[in-house]
>>> print(open('work_13.cif').read())   # mmCIF, C-alpha atoms
data_start
#
loop_
_atom_site.label_atom_id
_atom_site.label_comp_id
_atom_site.auth_asym_id
_atom_site.auth_seq_id
_atom_site.Cartn_x
_atom_site.Cartn_y
_atom_site.Cartn_z
CA MET A 15 -53.05 88.15 170.29
CA LYS A 16 -51.48 91.59 169.97
CA TYR A 17 -48.27 90.27 171.52
CA ILE A 18 -48.12 87.41 169.02
CA TRP A 19 -48.91 89.77 166.15
CA SER A 20 -46.06 92.05 167.22
CA VAL A 21 -43.58 89.14 167.30
CA TYR A 22 -44.73 88.07 163.83
CA LYS A 23 -44.62 91.61 162.42
CA ASN A 24 -41.15 92.39 163.83
CA GLY A 25 -39.68 88.97 163.15
CA SER A 26 -38.15 88.68 166.61
CA PHE A 27 -39.08 88.58 170.29
CA SER A 28 -36.57 91.29 171.24
CA LYS A 29 -37.89 93.86 168.74
CA ALA A 30 -41.49 93.05 169.67
CA ALA A 31 -40.72 93.45 173.38
CA GLU A 32 -39.17 96.84 172.67
CA GLU A 33 -42.23 97.91 170.67
CA LEU A 34 -44.61 96.68 173.39
CA TYR A 35 -42.59 98.20 176.27
CA ILE A 36 -42.32 94.89 178.13
CA THR A 37 -39.38 92.65 178.93
CA GLN A 38 -38.46 89.87 176.53
CA PRO A 39 -38.91 87.11 179.19
CA ALA A 40 -42.43 88.39 179.94
CA LEU A 41 -43.29 88.37 176.24
CA SER A 42 -41.85 84.88 175.73
CA LEU A 43 -43.87 83.60 178.69
CA ALA A 44 -47.10 85.14 177.34
CA VAL A 45 -46.58 83.49 173.94
CA LYS A 46 -45.66 80.15 175.54
CA ARG A 47 -48.88 80.19 177.63
CA THR A 48 -50.93 80.78 174.48
CA GLU A 49 -49.14 77.92 172.70
CA GLU A 50 -49.89 75.62 175.67
CA LYS A 51 -53.52 76.71 175.60
CA ILE A 52 -54.03 75.92 171.90
CA GLY A 53 -51.85 72.80 172.06
CA ALA A 54 -49.51 73.79 169.25
CA GLN A 55 -46.49 75.98 168.65
CA ILE A 56 -47.11 79.27 166.87
CA PHE A 57 -43.47 80.03 166.06
CA ASP A 58 -40.80 77.65 164.76
CA ARG A 59 -37.78 78.59 166.85
CA SER A 60 -35.45 75.95 165.36
CA SER A 61 -34.31 78.08 162.41
CA LYS A 62 -32.20 81.25 162.57
CA LYS A 63 -35.07 83.35 161.21
CA LEU A 64 -38.29 83.19 163.24
CA GLN A 65 -40.96 81.40 161.19
CA LEU A 66 -44.66 80.69 161.66
CA THR A 67 -45.76 77.09 162.02
CA GLU A 68 -48.90 75.89 160.24
CA ALA A 69 -50.85 76.65 163.43
CA GLY A 70 -49.16 80.05 163.57
CA GLU A 71 -50.23 80.92 160.04
CA LEU A 72 -53.83 80.06 160.95
CA TYR A 73 -53.55 82.07 164.17
CA ILE A 74 -52.25 85.20 162.37
CA ARG A 75 -54.89 84.89 159.64
CA LYS A 76 -57.68 84.73 162.21
CA TYR A 77 -56.14 87.56 164.22
CA ARG A 78 -56.31 89.77 161.11
CA GLU A 79 -60.01 88.93 160.74
CA ILE A 80 -60.68 89.69 164.41
CA ARG A 81 -58.71 92.95 164.22
CA ASP A 82 -60.66 94.03 161.14
CA LEU A 83 -63.97 93.25 162.85
CA GLU A 84 -62.92 95.30 165.89
CA THR A 85 -61.94 98.20 163.64
CA GLU A 86 -65.20 97.99 161.70
CA LEU A 87 -67.22 97.91 164.94
CA GLU A 88 -65.36 100.96 166.23
CA LYS A 89 -65.99 102.87 163.00
CA GLN A 90 -69.69 101.96 162.92
CA LEU A 91 -70.12 103.04 166.54
CA ASN A 92 -68.27 106.28 165.79
CA ASP A 93 -70.61 106.87 162.85
CA LEU A 94 -73.49 107.01 165.31
CA SER A 95 -71.85 110.12 166.79
CA SER A 96 -72.28 111.99 163.47
CA LEU A 97 -68.54 112.74 163.05
CA LYS A 98 -68.12 114.01 166.61
CA ALA A 99 -65.68 111.22 167.47
CA GLY A 100 -63.48 108.67 165.76
CA SER A 101 -60.16 108.32 164.01
CA LEU A 102 -58.83 108.16 160.46
CA THR A 103 -55.44 107.01 159.16
CA ILE A 104 -54.33 108.59 155.89
CA GLY A 105 -51.42 107.23 153.86
CA GLY A 106 -49.43 109.29 151.39
CA THR A 107 -46.02 109.67 149.84
CA ASN A 108 -43.65 112.38 151.03
CA TYR A 109 -44.75 114.53 148.07
CA PHE A 110 -48.45 114.10 148.79
CA ASN A 111 -48.14 114.56 152.55
CA SER A 112 -45.90 117.62 152.22
CA TYR A 113 -47.44 119.48 149.27
CA ILE A 114 -51.01 118.30 148.71
CA LEU A 115 -52.57 117.15 151.99
CA PRO A 116 -51.69 119.96 154.45
CA ARG A 117 -54.52 122.27 153.38
CA VAL A 118 -56.94 119.31 153.34
CA ILE A 119 -55.96 118.20 156.84
CA VAL A 120 -56.27 121.71 158.28
CA ALA A 121 -59.71 122.17 156.67
CA TYR A 122 -60.85 118.72 157.84
CA GLN A 123 -59.80 119.26 161.44
CA LYS A 124 -61.50 122.64 161.54
CA LYS A 125 -64.71 121.07 160.27
CA TYR A 126 -64.51 117.84 162.29
CA PRO A 127 -62.36 118.50 165.39
CA GLY A 128 -63.57 115.31 167.06
CA ILE A 129 -61.99 113.06 164.42
CA HIS A 130 -58.39 112.23 165.28
CA LEU A 131 -56.24 112.08 162.13
CA HIS A 132 -53.12 109.93 161.76
CA LEU A 133 -50.74 110.48 158.85
CA GLN A 134 -48.65 107.59 157.51
CA GLU A 135 -45.81 108.32 155.10
CA ALA A 136 -44.34 105.69 152.76
CA GLY A 137 -43.59 104.92 149.14
CA SER A 138 -46.56 104.30 146.85
CA HIS A 139 -45.94 100.54 146.68
CA VAL A 140 -45.71 100.27 150.48
CA LEU A 141 -48.94 102.25 150.87
CA VAL A 142 -50.74 99.69 148.70
CA ASP A 143 -49.55 96.90 151.02
CA LEU A 144 -50.57 98.87 154.12
CA LEU A 145 -54.03 99.36 152.66
CA LYS A 146 -54.37 95.66 151.87
CA GLU A 147 -53.46 94.89 155.49
CA HIS A 148 -56.01 97.49 156.71
CA ARG A 149 -53.28 99.37 158.56
CA ILE A 150 -54.40 102.60 156.88
CA ASP A 151 -57.90 103.71 155.84
CA ILE A 152 -57.16 105.84 152.78
CA ALA A 153 -54.24 106.19 150.38
CA PHE A 154 -53.58 108.11 147.17
CA HIS A 155 -52.11 106.55 144.06
CA ALA A 156 -51.53 107.35 140.39
CA GLY A 157 -51.45 104.52 137.90
CA LEU A 158 -52.97 101.54 139.68
CA SER A 159 -54.10 98.68 137.50
CA SER A 160 -57.86 98.22 137.17
CA LYS A 161 -57.31 94.68 138.49
CA ASP A 162 -56.07 95.93 141.86
CA PRO A 163 -58.66 95.14 144.57
CA PHE A 164 -59.51 98.65 145.72
CA TYR A 165 -62.47 100.94 145.95
CA ARG A 166 -61.21 103.96 144.04
CA ILE A 167 -62.33 107.54 143.44
CA PRO A 168 -60.64 109.98 141.04
CA CYS A 169 -59.71 113.02 143.10
CA PHE A 170 -56.67 114.91 141.88
CA GLU A 171 -54.44 115.64 138.91
CA ASP A 172 -51.00 117.16 138.56
CA ARG A 173 -48.65 117.70 135.62
CA VAL A 174 -45.09 116.49 135.24
CA LEU A 175 -42.59 119.16 134.20
CA LEU A 176 -38.88 119.26 133.51
CA SER A 177 -36.88 121.42 135.90
CA VAL A 178 -33.71 122.60 134.12
CA PRO A 179 -31.03 124.70 135.88
CA LYS A 180 -30.61 128.14 134.30
CA THR A 181 -26.84 127.60 134.30
CA PHE A 182 -27.15 124.86 131.66
CA ASP A 183 -26.25 125.86 128.11
CA LEU A 184 -29.44 125.64 126.04
CA PRO A 185 -29.94 126.66 122.41
CA GLU A 186 -32.09 129.72 121.75
CA SER A 187 -34.75 127.63 120.04
CA LEU A 188 -35.19 125.60 123.24
CA ARG A 189 -35.24 128.64 125.49
CA ASN A 190 -38.23 129.91 123.53
CA ALA A 191 -40.24 127.00 124.96
CA ALA A 192 -39.05 127.65 128.52
CA MET A 193 -41.35 128.83 131.30
CA THR A 194 -40.59 130.62 134.55
CA ASN A 195 -41.89 129.87 138.01
CA LYS A 196 -44.44 132.67 137.60
CA ASP A 197 -45.66 131.05 134.36
CA ILE A 198 -46.24 127.76 136.16
CA MET A 199 -48.00 129.42 139.08
CA ASN A 200 -50.27 131.18 136.56
CA LEU A 201 -51.00 127.75 134.99
CA LYS A 202 -49.48 128.71 131.65
CA HIS A 203 -48.24 125.13 131.23
CA LEU A 204 -51.85 123.95 130.97
CA ASP A 205 -52.34 126.05 127.84
CA ASP A 206 -52.32 123.84 124.74
CA HIS A 207 -50.63 126.62 122.78
CA VAL A 208 -47.48 126.41 124.92
CA PRO A 209 -45.03 124.17 123.01
CA SER A 210 -43.87 120.88 124.49
CA VAL A 211 -40.32 119.61 124.02
CA LYS A 212 -38.67 116.28 123.21
CA LEU A 213 -36.47 114.70 125.86
CA SER A 214 -33.86 114.19 123.14
CA SER A 215 -33.21 117.95 123.33
CA PHE A 216 -31.70 117.41 126.80
CA VAL A 217 -30.19 113.94 126.49
CA HIS A 218 -26.60 115.30 126.55
CA LEU A 219 -27.27 116.90 129.97
CA PRO A 220 -27.29 115.21 133.42
CA PHE A 221 -30.57 113.98 134.91
CA ILE A 222 -31.63 113.41 138.51
CA LEU A 223 -34.08 110.51 138.67
CA LEU A 224 -36.13 109.02 141.44
CA SER A 225 -35.37 105.49 142.58
CA PRO A 226 -37.38 102.46 141.38
CA GLY A 227 -40.71 102.03 143.16
CA ASN A 228 -41.66 105.68 142.70
CA ASN A 229 -44.47 106.44 140.27
CA LEU A 230 -42.50 109.29 138.71
CA TYR A 231 -39.50 107.00 138.16
CA GLU A 232 -41.69 104.61 136.19
CA ARG A 233 -43.19 107.47 134.16
CA SER A 234 -39.84 109.07 133.38
CA THR A 235 -38.43 105.69 132.32
CA LYS A 236 -41.36 105.21 129.95
CA MET A 237 -40.90 108.73 128.56
CA PHE A 238 -37.27 107.98 127.72
CA ALA A 239 -38.34 104.66 126.18
CA GLU A 240 -40.86 106.46 123.96
CA GLU A 241 -37.93 108.25 122.30
CA ASN A 242 -35.48 105.30 122.60
CA LEU A 243 -33.17 107.37 124.79
CA GLU A 244 -30.62 106.43 127.46
CA PRO A 245 -30.30 109.39 129.87
CA LYS A 246 -27.13 110.50 131.63
CA VAL A 247 -28.14 109.87 135.24
CA VAL A 248 -26.00 111.84 137.68
CA MET A 249 -27.94 110.75 140.77
CA GLN A 250 -31.01 108.80 141.93
CA VAL A 251 -32.89 109.80 145.08
CA ASN A 252 -35.88 108.50 147.00
CA GLN A 253 -37.91 111.68 147.36
CA LEU A 254 -39.37 113.98 144.72
CA ALA A 255 -38.65 117.06 146.83
CA THR A 256 -34.98 116.05 147.08
CA ALA A 257 -34.65 115.76 143.30
CA TRP A 258 -36.34 119.14 142.96
CA HIS A 259 -34.00 120.92 145.38
CA LEU A 260 -30.94 119.33 143.78
CA SER A 261 -32.12 120.59 140.41
CA CYS A 262 -32.57 124.09 141.83
CA ALA A 263 -29.01 123.87 143.13
CA GLY A 264 -27.78 123.16 139.58
CA LEU A 265 -26.96 119.44 139.77
CA GLY A 266 -29.17 118.25 136.94
CA ILE A 267 -32.54 118.09 135.23
CA ALA A 268 -35.38 116.65 137.29
CA PHE A 269 -38.91 115.48 136.59
CA ILE A 270 -41.15 117.35 139.03
CA SER A 271 -44.79 118.04 139.76
CA ASP A 272 -46.22 121.46 138.97
CA HIS A 273 -47.44 121.64 142.58
CA LEU A 274 -43.85 121.94 143.81
CA VAL A 275 -43.27 125.24 142.02
CA THR A 276 -43.34 128.34 144.21
CA SER A 277 -42.41 132.00 143.93
CA SER A 278 -38.89 131.19 145.16
CA SER A 279 -38.18 128.79 142.28
CA GLU A 280 -36.07 131.22 140.24
CA ASP A 281 -32.93 129.16 139.60
CA VAL A 282 -34.50 126.85 137.03
CA LEU A 283 -36.50 126.94 133.81
CA PHE A 284 -39.50 124.71 133.19
CA PHE A 285 -40.45 122.70 130.13
CA LYS A 286 -43.43 120.56 129.12
CA PRO A 287 -42.24 117.09 128.05
CA ASP A 288 -43.86 115.89 124.85
CA SER A 289 -45.66 112.88 126.31
CA ASP A 290 -49.16 111.88 127.39
CA LEU A 291 -47.59 110.56 130.60
CA THR A 292 -47.19 114.09 131.99
CA ALA A 293 -50.81 114.13 133.23
CA ARG A 294 -50.91 112.16 136.49
CA LYS A 295 -54.40 111.25 137.64
CA PHE A 296 -54.54 110.37 141.32
CA GLU A 297 -57.21 108.26 142.92
CA MET A 298 -58.25 108.06 146.55
CA ILE A 299 -58.16 104.33 147.24
CA MET A 300 -59.74 102.25 150.00
CA SER A 301 -59.91 98.52 150.60
CA GLU A 302 -62.88 96.90 148.87
CA ASN A 303 -63.72 94.70 151.86
CA HIS A 304 -63.18 97.48 154.41
CA TYR A 305 -66.05 99.40 156.00
CA ILE A 306 -66.25 102.92 154.54
CA SER A 307 -67.02 105.19 157.45
CA LYS A 308 -68.62 108.63 157.47
CA ALA A 309 -65.21 110.04 158.43
CA MET A 310 -63.69 108.57 155.25
CA LYS A 311 -66.50 109.94 153.07
CA ALA A 312 -66.14 113.35 154.72
CA PHE A 313 -62.39 113.37 154.02
CA TYR A 314 -63.06 112.93 150.32
CA GLU A 315 -65.62 115.75 150.35
CA VAL A 316 -63.18 118.11 152.08
CA PHE A 317 -60.43 117.08 149.66
CA ILE A 318 -62.37 118.12 146.56
CA GLU A 319 -63.45 121.32 148.30
CA CYS A 320 -59.74 122.14 148.61
CA TYR A 321 -58.96 121.11 145.01
CA PRO A 322 -62.11 121.94 143.04
CA TYR A 323 -60.22 122.50 139.80
CA THR A 324 -58.97 118.92 139.55
CA LEU A 325 -60.71 115.86 138.15
CA ASN A 326 -64.06 116.04 139.89
CA LYS A 327 -66.46 118.83 139.07
CA HIS A 328 -69.12 117.30 141.30
CA PRO A 329 -68.72 115.32 144.55
CA TYR A 330 -68.58 111.57 144.17
CA VAL A 331 -71.63 109.77 145.57
CA PHE A 332 -70.72 106.79 147.77
#
>>> encode(input="work_13.cif", output="structure tokens")
Amino acid sequence: MKYIWSVYKNGSFSKAAEELYITQPALSLAVKRTEEKIGAQIFDRSSKKLQLTEAGELYIRKYREIRDLETELEKQLNDLSSLKAGSLTIGGTNYFNSYILPRVIVAYQKKYPGIHLHLQEAGSHVLVDLLKEHRIDIAFHAGLSSKDPFYRIPCFEDRVLLSVPKTFDLPESLRNAAMTNKDIMNLKHLDDHVPSVKLSSFVHLPFILLSPGNNLYERSTKMFAEENLEPKVVMQVNQLATAWHLSCAGLGIAFISDHLVTSSSEDVLFFKPDSDLTARKFEMIMSENHYISKAMKAFYEVFIECYPYTLNKHPYVF
């Protein structure tokens, strides 16, 4: 079943054989024997692209159910060990895995050394698909629709800021609203008395945007739409950290998270965009029809211990 799943997932026998560390003839023979046993072909080999037959679609659907039952059994058995054994797969974006999760993972492993953690990195839309397929246990997302089929827990909040190179020519009136890296680290930007600025004040300057599919791309696009603006986009990149470093190098203005700002961020000024979209509320999401293990609950508890000043003042009760 795992062999057939690998062929389906990779879309070819050669790639599956490479993933499984077996020869392609051995893999083909194993699949052929299964097809002979069930009396039907699983893969339609007549077309250029490998396709599932009707029997193959049924086979893969039932394999997913069997795999999920095996995973649930393993988690329930591990729960009997009172967090002394088990595994947990966490999914996050590059930003979340690099800037938010490290302290949580270190604290979790110190507290539960018997739980083996796996970290999966992907874009937010891909993480949603991985969670639906039960290939990860937990993911983090900002802005999911209430219709999405997930068990969700508010857990974290960050603020979107504008990073503007100091070399850019800004009017004095705008510089009065600017903040330094030390201001951001001292949470000055959370003070309601600090003025916010319109994006129209910067529309003549170049912007670095994230590529479509990123939550911050969607938010920045909506912020421009709120003011009916068309930005001068000098570059689009896939990662938030990349946009941030390019801004620090002087290439353009970037939308960043306040959690990226460090003591070394002295080449840029920071501004609060005048939009309600600057507050990003992240949720820890899990599949609704997936068993929630003690290891998953413990990860949430450790997370809010590491970020007590975010959304939750009291631990969520499962």
>>> resolve_selection(input="work_13.cif", expression="the PyMOL selection byres ((chain A and resi 192) around 6)", output="number ranges by chain")
A: 189-191, 193, 283-285
>>> closest_residue(input="work_13.cif", among="A:Val140, A:Ile306, A:Ala268, A:Val316", to="Leu87 of chain A", atoms="all atoms listed in the file")
A:Ile306
>>> residues_around(input="work_13.cif", residues="Leu175 of chain A", least_positions_apart="6", cutoff="6 Å", atoms="all atoms listed in the file", output="PDB file with C-alpha atoms, in the coordinates of the input")
ATOM      1  CA  PHE A 269     -38.910 115.480 136.590  1.00  0.00           C
ATOM      2  CA  ILE A 270     -41.150 117.350 139.030  1.00  0.00           C
ATOM      3  CA  PHE A 285     -40.450 122.700 130.130  1.00  0.00           C
ATOM      4  CA  LYS A 286     -43.430 120.560 129.120  1.00  0.00           C
TER       5      LYS A 286
END
>>> resolve_selection(input="work_13.cif", expression="the PyMOL selection byres ((chain A and resi 21-30) around 12)", output="NGL selection string")
:A and (15-20 or 31-46 or 56-59 or 62-67 or 70-71 or 73-75 or 77-78 or 147)
>>> atom_distance(input="work_13.cif", atom1="atom CA of Cys169 of chain A", atom2="atom CA of Lys295 of chain A")
7.8 Å
>>> atom_distance(input="work_13.cif", atom1="atom CA of Ala263 of chain A", atom2="atom CA of Val208 of chain A")
26.1 Å
>>> residues_around(input="work_13.cif", residues="Gly106 of chain A", least_positions_apart="3", cutoff="8 Å", atoms="only C-alpha atoms", output="mmCIF file with C-alpha atoms, keeping the file's coordinate frame")
data_model
loop_
_atom_site.group_PDB
_atom_site.id
_atom_site.type_symbol
_atom_site.label_atom_id
_atom_site.label_comp_id
_atom_site.auth_asym_id
_atom_site.auth_seq_id
_atom_site.Cartn_x
_atom_site.Cartn_y
_atom_site.Cartn_z
ATOM 1 C CA TYR A 109 -44.750 114.530 148.070
ATOM 2 C CA PHE A 110 -48.450 114.100 148.790
ATOM 3 C CA ASN A 111 -48.140 114.560 152.550
ATOM 4 C CA LEU A 133 -50.740 110.480 158.850
ATOM 5 C CA GLN A 134 -48.650 107.590 157.510
ATOM 6 C CA GLU A 135 -45.810 108.320 155.100
ATOM 7 C CA ALA A 136 -44.340 105.690 152.760
ATOM 8 C CA GLY A 137 -43.590 104.920 149.140
ATOM 9 C CA SER A 138 -46.560 104.300 146.850
ATOM 10 C CA LEU A 141 -48.940 102.250 150.870
ATOM 11 C CA ALA A 153 -54.240 106.190 150.380
ATOM 12 C CA PHE A 154 -53.580 108.110 147.170
#
>>> decode(input="work_13.cif", residues="segment 61-119 of chain A", atoms="C-alpha atoms", output="JSON list (two decimals), in the first residue's frame")
[["chain", "number", "residue", "atom", "x", "y", "z"],
["A", 61, "SER", "CA", -1.67, 8.05, -21.15],
["A", 62, "LYS", "CA", 1.53, 10.09, -20.93],
["A", 63, "LYS", "CA", 0.68, 11.22, -17.39],
["A", 64, "LEU", "CA", 0.13, 8.42, -14.88],
["A", 65, "GLN", "CA", -3.54, 8.37, -13.86],
["A", 66, "LEU", "CA", -5.58, 6.42, -11.32],
["A", 67, "THR", "CA", -8.27, 4.08, -12.60],
["A", 68, "GLU", "CA", -11.64, 3.93, -10.84],
["A", 69, "ALA", "CA", -10.29, 1.02, -8.78],
["A", 70, "GLY", "CA", -7.16, 3.05, -8.08],
["A", 71, "GLU", "CA", -9.15, 5.99, -6.76],
["A", 72, "LEU", "CA", -10.99, 3.64, -4.38],
["A", 73, "TYR", "CA", -7.70, 2.03, -3.35],
["A", 74, "ILE", "CA", -6.05, 5.39, -2.54],
["A", 75, "ARG", "CA", -9.13, 6.61, -0.66],
["A", 76, "LYS", "CA", -9.16, 3.49, 1.52],
["A", 77, "TYR", "CA", -5.40, 3.68, 2.02],
["A", 78, "ARG", "CA", -5.83, 7.20, 3.44],
["A", 79, "GLU", "CA", -8.44, 5.87, 5.88],
["A", 80, "ILE", "CA", -6.18, 3.00, 6.93],
["A", 81, "ARG", "CA", -3.18, 5.32, 7.31],
["A", 82, "ASP", "CA", -5.22, 7.70, 9.48],
["A", 83, "LEU", "CA", -6.40, 4.83, 11.67],
["A", 84, "GLU", "CA", -2.81, 3.64, 12.11],
["A", 85, "THR", "CA", -1.72, 7.16, 13.05],
["A", 86, "GLU", "CA", -4.59, 7.56, 15.49],
["A", 87, "LEU", "CA", -3.81, 4.19, 17.11],
["A", 88, "GLU", "CA", -0.15, 5.17, 17.48],
["A", 89, "LYS", "CA", -1.08, 8.50, 19.08],
["A", 90, "GLN", "CA", -3.57, 6.91, 21.48],
["A", 91, "LEU", "CA", -1.00, 4.30, 22.53],
["A", 92, "ASN", "CA", 1.59, 7.04, 23.00],
["A", 93, "ASP", "CA", -0.88, 8.94, 25.17],
["A", 94, "LEU", "CA", -0.82, 6.02, 27.60],
["A", 95, "SER", "CA", 2.87, 6.81, 28.18],
["A", 96, "SER", "CA", 1.97, 10.25, 29.59],
["A", 97, "LEU", "CA", 4.08, 12.20, 27.05],
["A", 98, "LYS", "CA", 7.16, 10.00, 27.53],
["A", 99, "ALA", "CA", 7.06, 8.82, 23.92],
["A", 100, "GLY", "CA", 5.53, 9.78, 20.60],
["A", 101, "SER", "CA", 5.95, 12.16, 17.71],
["A", 102, "LEU", "CA", 4.49, 15.43, 16.50],
["A", 103, "THR", "CA", 4.69, 17.10, 13.08],
["A", 104, "ILE", "CA", 4.40, 20.89, 13.09],
["A", 105, "GLY", "CA", 3.81, 22.89, 9.92],
["A", 106, "GLY", "CA", 4.73, 26.53, 9.53],
["A", 107, "THR", "CA", 5.79, 29.13, 7.01],
["A", 108, "ASN", "CA", 9.42, 30.20, 6.76],
["A", 109, "TYR", "CA", 8.58, 33.26, 8.89],
["A", 110, "PHE", "CA", 6.86, 31.24, 11.60],
["A", 111, "ASN", "CA", 9.46, 28.46, 11.69],
["A", 112, "SER", "CA", 12.39, 30.91, 11.74],
["A", 113, "TYR", "CA", 11.14, 33.67, 14.03],
["A", 114, "ILE", "CA", 8.26, 32.39, 16.17],
["A", 115, "LEU", "CA", 8.61, 28.65, 16.77],
["A", 116, "PRO", "CA", 12.29, 28.24, 17.80],
["A", 117, "ARG", "CA", 11.76, 29.23, 21.43],
["A", 118, "VAL", "CA", 8.61, 27.09, 21.59],
["A", 119, "ILE", "CA", 10.38, 24.03, 20.18]]
